[in-house]
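Colleague: Below is one structure. I have some questions about it.
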Amino acid sequence: MRLTRGLLAALAVLLFWPIPASAQSTLDQVRKRGELVCGVDGSAPGFSLLNAVKEWEGLDVELCRAVAAAVLGDAQKVKFVTVTANERFDRLAAGDFDLLARNSTVTLQRSAGRKVRFAVINFIDGQAFVVPKKLKVEQLANLSGTTICLQKGTTHEFNLASWFKARRLTITPAAYDTTEAMYNAFFASRCSAVTADATTLAGAIIRSGRAIEFMMLPGVISKEPLGPYVREGDSQWLDIVRWTHDAMLEAEERGINPKNIDSLKRELGDPYLRVLLGVDPGNGKALGLSENWAYNVISQVGNYGDIYERNVGMGSALKFERGVNALWTKGGLMYPLPLR
């Protein structure tokens with residue numbers, strides 16, 4: 001009897017012992033909080049930036065909103081936390097945010113060597129260089145012997161050193177903790193060039209108001225497949241982020257957007273679209289979400305083409321062509337996996 005009472009007492013303690021946040025799934029934490037916490041750059045035009053009216057905008061920002069729409073039913077329930085490139089993966093692993101959407105390149109050592117996992121590739125870029133026109137530099141090799149600004153904790157450090165070393169050329173890298181510090185140094189002429197992903201370089205130069213003074217050297221020295229990261233060991237959350245992105249790609253491929261989604265949903269005869277938009281159940285249950293999760297994403301945020309165009313495409317200041325970021329049906333590499 002004493003043993004039984006002791007066991008019951010121990011069980012009662014265990015049942016009511018608070019579960020640490022680290023033991024809860026990310027989905028449960030987000031739902032309990034009522035808000036998605038997203039780690040972003042915060043000073044990357046086209047990806048994550050506070051605009052003139054103090055509203056967050058950018059491709060990464062919209063991915064965070066899409067995930068919030070899928071999980072919470074409201075794309076506005078997002079808290080954005082800025083994080084440096086050097087600290088981003090450690091802070092994600094530590095639980096400082098639920099999702100890292102900070103134009104981060106997917107590499108083997110990042111995915112296999114840390115306690116984080118990439119969820120999907122949502123943008124493909126390449127490392128480029130910007131120089132002042134007054135230097136009359138025409139090609140990258142002309143930068144030998146100069147100082148080049150870049151950011152710490154990025155793939156750009158390795159790429160830069162490798163490219164010049166392979167050609168027996170020397171440069172002095174000047175690495176900065178933040179994007180803002182890097183560009184401030186460049187615009188103050190403390191470096192002869194600045195290197196980063198081509199899209200973010202273009203955005204920074206335009207934003208400076210001095211675009212006429214600078215030029216981007218031709219070509220890129222790397223492939224930079226960018227995407228969001230999640231913590232290791234939470235496959236459900238990884239699936240949610242991945243399929244949220246793919247739902248936006250699928251919507252673009254099928255011509256579904258916020259303007260026509262309601263009329264399409266009422267008239268659906270296509271069994272595939274009935275499952276995609278939650279008319280017929282299945283996808284939501286598999287992810288642990290409501291069946292209208294994809295409907296919420298597309299109706300509140302848009303399809304992939306929508307967010308591309310208004311942030312980095314022809315509807316933005318950057319004016320980047322789709323190129324490899326076009327759908328596979330239009331000569332690009334963006335290919336939604338079957339949502340069924």
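Each chain of the structure tokens is named A, B, ... in the order shown, its residues numbered from 1; ligands are numbered from 1 in display order.
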Skip range 64-74 of chain A itself and residues of its chain fewer than 6 positions away, then list as a ChimeraX atom specification all residues within 7 Å of it, counting only C-alpha atoms.
Modeller: /A:31,36,38,241,244,289,293-294,296-297,301
Colleague: Write the selection just made, keeping N, CA and C atoms, as a PDB file, in the first residue's frame?
Modeller:
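In the end it all went to part_13.pdb:
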ATOM      1  N   ARG A  31       1.332  28.242 -31.324  1.00  0.00           N
ATOM      2  CA  ARG A  31      -0.107  28.326 -31.045  1.00  0.00           C
ATOM      3  C   ARG A  31      -0.371  28.860 -29.641  1.00  0.00           C
ATOM      4  N   LEU A  36       3.984  34.042 -34.323  1.00  0.00           N
ATOM      5  CA  LEU A  36       5.195  33.433 -34.867  1.00  0.00           C
ATOM      6  C   LEU A  36       6.356  34.398 -34.684  1.00  0.00           C
ATOM      7  N   CYS A  38       9.994  35.360 -35.926  1.00  0.00           N
ATOM      8  CA  CYS A  38      10.804  35.115 -37.120  1.00  0.00           C
ATOM      9  C   CYS A  38      12.114  35.896 -37.049  1.00  0.00           C
ATOM     10  N   VAL A 241       6.776  24.540 -42.875  1.00  0.00           N
ATOM     11  CA  VAL A 241       7.460  25.627 -43.590  1.00  0.00           C
ATOM     12  C   VAL A 241       7.658  25.259 -45.056  1.00  0.00           C
ATOM     13  N   THR A 244       4.289  25.203 -46.965  1.00  0.00           N
ATOM     14  CA  THR A 244       3.752  26.560 -47.116  1.00  0.00           C
ATOM     15  C   THR A 244       4.351  27.218 -48.349  1.00  0.00           C
ATOM     16  N   LEU A 289      -2.541  20.887 -39.149  1.00  0.00           N
ATOM     17  CA  LEU A 289      -3.120  22.220 -39.328  1.00  0.00           C
ATOM     18  C   LEU A 289      -4.589  22.102 -39.707  1.00  0.00           C
ATOM     19  N   TRP A 293      -5.561  25.708 -44.418  1.00  0.00           N
ATOM     20  CA  TRP A 293      -4.261  26.365 -44.218  1.00  0.00           C
ATOM     21  C   TRP A 293      -3.728  26.973 -45.511  1.00  0.00           C
ATOM     22  N   ALA A 294      -3.791  26.236 -46.626  1.00  0.00           N
ATOM     23  CA  ALA A 294      -3.259  26.754 -47.893  1.00  0.00           C
ATOM     24  C   ALA A 294      -4.133  27.887 -48.421  1.00  0.00           C
ATOM     25  N   ASN A 296      -5.684  30.035 -46.566  1.00  0.00           N
ATOM     26  CA  ASN A 296      -5.289  31.207 -45.779  1.00  0.00           C
ATOM     27  C   ASN A 296      -3.989  31.818 -46.299  1.00  0.00           C
ATOM     28  N   VAL A 297      -3.033  30.972 -46.650  1.00  0.00           N
ATOM     29  CA  VAL A 297      -1.745  31.454 -47.173  1.00  0.00           C
ATOM     30  C   VAL A 297      -1.947  32.237 -48.461  1.00  0.00           C
ATOM     31  N   VAL A 301      -1.575  36.226 -48.344  1.00  0.00           N
ATOM     32  CA  VAL A 301      -0.214  36.618 -48.745  1.00  0.00           C
ATOM     33  C   VAL A 301      -0.042  36.618 -50.260  1.00  0.00           C
TER      34      VAL A 301
END
Colleague: Could you list, as an NGL selection string, every residue within 9 Å of Asp246 in chain A, counting only C-alpha atoms and ignoring same-chain residues fewer than 6 positions away?
Modeller: :A and (120 or 304 or 335-339)
Colleague: Which residues are near Leu108 in chain A? Cut-off 12 Å, only C-alpha atoms, ignore same chain within fewer than 4 positions. Put them as number ranges by chain.
Modeller: A: 112-114, 116-118, 155, 225
Colleague: Give me, as a ChimeraX atom specification, the residues of range 221-310 of chain A that a backbone DSSP run labels alpha helix (DSSP H).
Modeller: /A:235-253,261-266,271-276,283-287,293-300,304-310
Colleague: Please report the interatomic distance between CA of Asp280 in chain A and CA of Asn292 in chain A in Å with one decimal.
Modeller: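 Distance reported for this atom pair: 9.6 Å.
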Colleague: Need the shell around Lys134 in chain A: protein/DNA/RNA residues with any atom at most 9 Å away, counting only C-alpha atoms. Skip same-chain ones fewer than 2 positions apart. Format as an MDAnalysis selection string?
Modeller: chainID A and resid 131:132 136:137 213:214
Colleague: I need the chosen residues saved as a compact mmCIF listing (two decimals), in the first residue's frame, with N, CA and C atoms.
Modeller:
# COMPACT_ATOMS: atom_id res chain seq x y z
N VAL A 131 31.53 48.21 -57.08
CA VAL A 131 32.69 49.11 -56.95
C VAL A 131 32.28 50.53 -57.32
N PRO A 132 33.01 51.54 -56.83
CA PRO A 132 32.78 52.91 -57.29
C PRO A 132 33.22 53.04 -58.75
N LYS A 136 37.34 52.87 -61.96
CA LYS A 136 37.52 52.35 -63.32
C LYS A 136 37.94 50.87 -63.33
N VAL A 137 37.36 50.12 -62.41
CA VAL A 137 37.59 48.67 -62.36
C VAL A 137 36.61 48.01 -63.33
N GLU A 213 26.84 56.54 -58.71
CA GLU A 213 28.28 56.52 -58.40
C GLU A 213 28.90 55.12 -58.47
N PHE A 214 28.05 54.09 -58.55
CA PHE A 214 28.56 52.72 -58.41
C PHE A 214 28.15 51.83 -59.57
Colleague: Which one is closest to Glu224 in chain A: A:Gln236, A:Thr107, A:Asn86, A:Gln139? Count only C-alpha atoms.
Modeller: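 Ranking A:Gln236, A:Thr107, A:Asn86, A:Gln139 by distance to Glu224 in chain A, first place goes to A:Thr107.
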Colleague: Between A:Arg242, A:Lys133, A:Arg340, A:Lys152, single out the one closest to Leu276 in chain A, counting only C-alpha atoms.
Modeller: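 Going through A:Arg242, A:Lys133, A:Arg340, A:Lys152 one by one, the smallest distance to Leu276 in chain A is for A:Arg340.
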Colleague: Report the residues of range 45-102 of chain A whose backbone DSSP state falls under strand (DSSP E), written as a count of residues only.
Modeller: 14
Colleague: Please provide as a VMD selection string all residues within 10 Å of Lys319 in chain A, with the sequence filter that same-chain residues fewer than 4 positions apart are discarded (counting only C-alpha atoms).
Modeller: chain A and resid 199 202 to 203 309 to 315
Colleague: Output the selection as a PDB file, in the first residue's frame - C-alpha atoms for each residue.
Modeller:
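Ended up saving to selection_21.pdb:
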ATOM      1  CA  THR A 199      20.057  41.007 -55.199  1.00  0.00           C
ATOM      2  CA  ALA A 202      21.459  46.037 -55.848  1.00  0.00           C
ATOM      3  CA  GLY A 203      18.931  46.907 -53.162  1.00  0.00           C
ATOM      4  CA  GLU A 309       7.266  40.698 -58.181  1.00  0.00           C
ATOM      5  CA  ARG A 310       6.434  43.145 -55.421  1.00  0.00           C
ATOM      6  CA  ASN A 311       9.655  42.581 -53.458  1.00  0.00           C
ATOM      7  CA  VAL A 312      12.464  41.906 -55.940  1.00  0.00           C
ATOM      8  CA  GLY A 313      10.794  41.801 -59.368  1.00  0.00           C
ATOM      9  CA  MET A 314       9.391  44.356 -61.779  1.00  0.00           C
ATOM     10  CA  GLY A 315       6.976  45.744 -59.213  1.00  0.00           C
TER      11      GLY A 315
END
Colleague: Counting only C-alpha atoms, figure out which residue out of A:Ala198, A:Leu264, A:Ala185, A:Val230 gets nearest to Leu100 in chain A.
Modeller: A:Val230
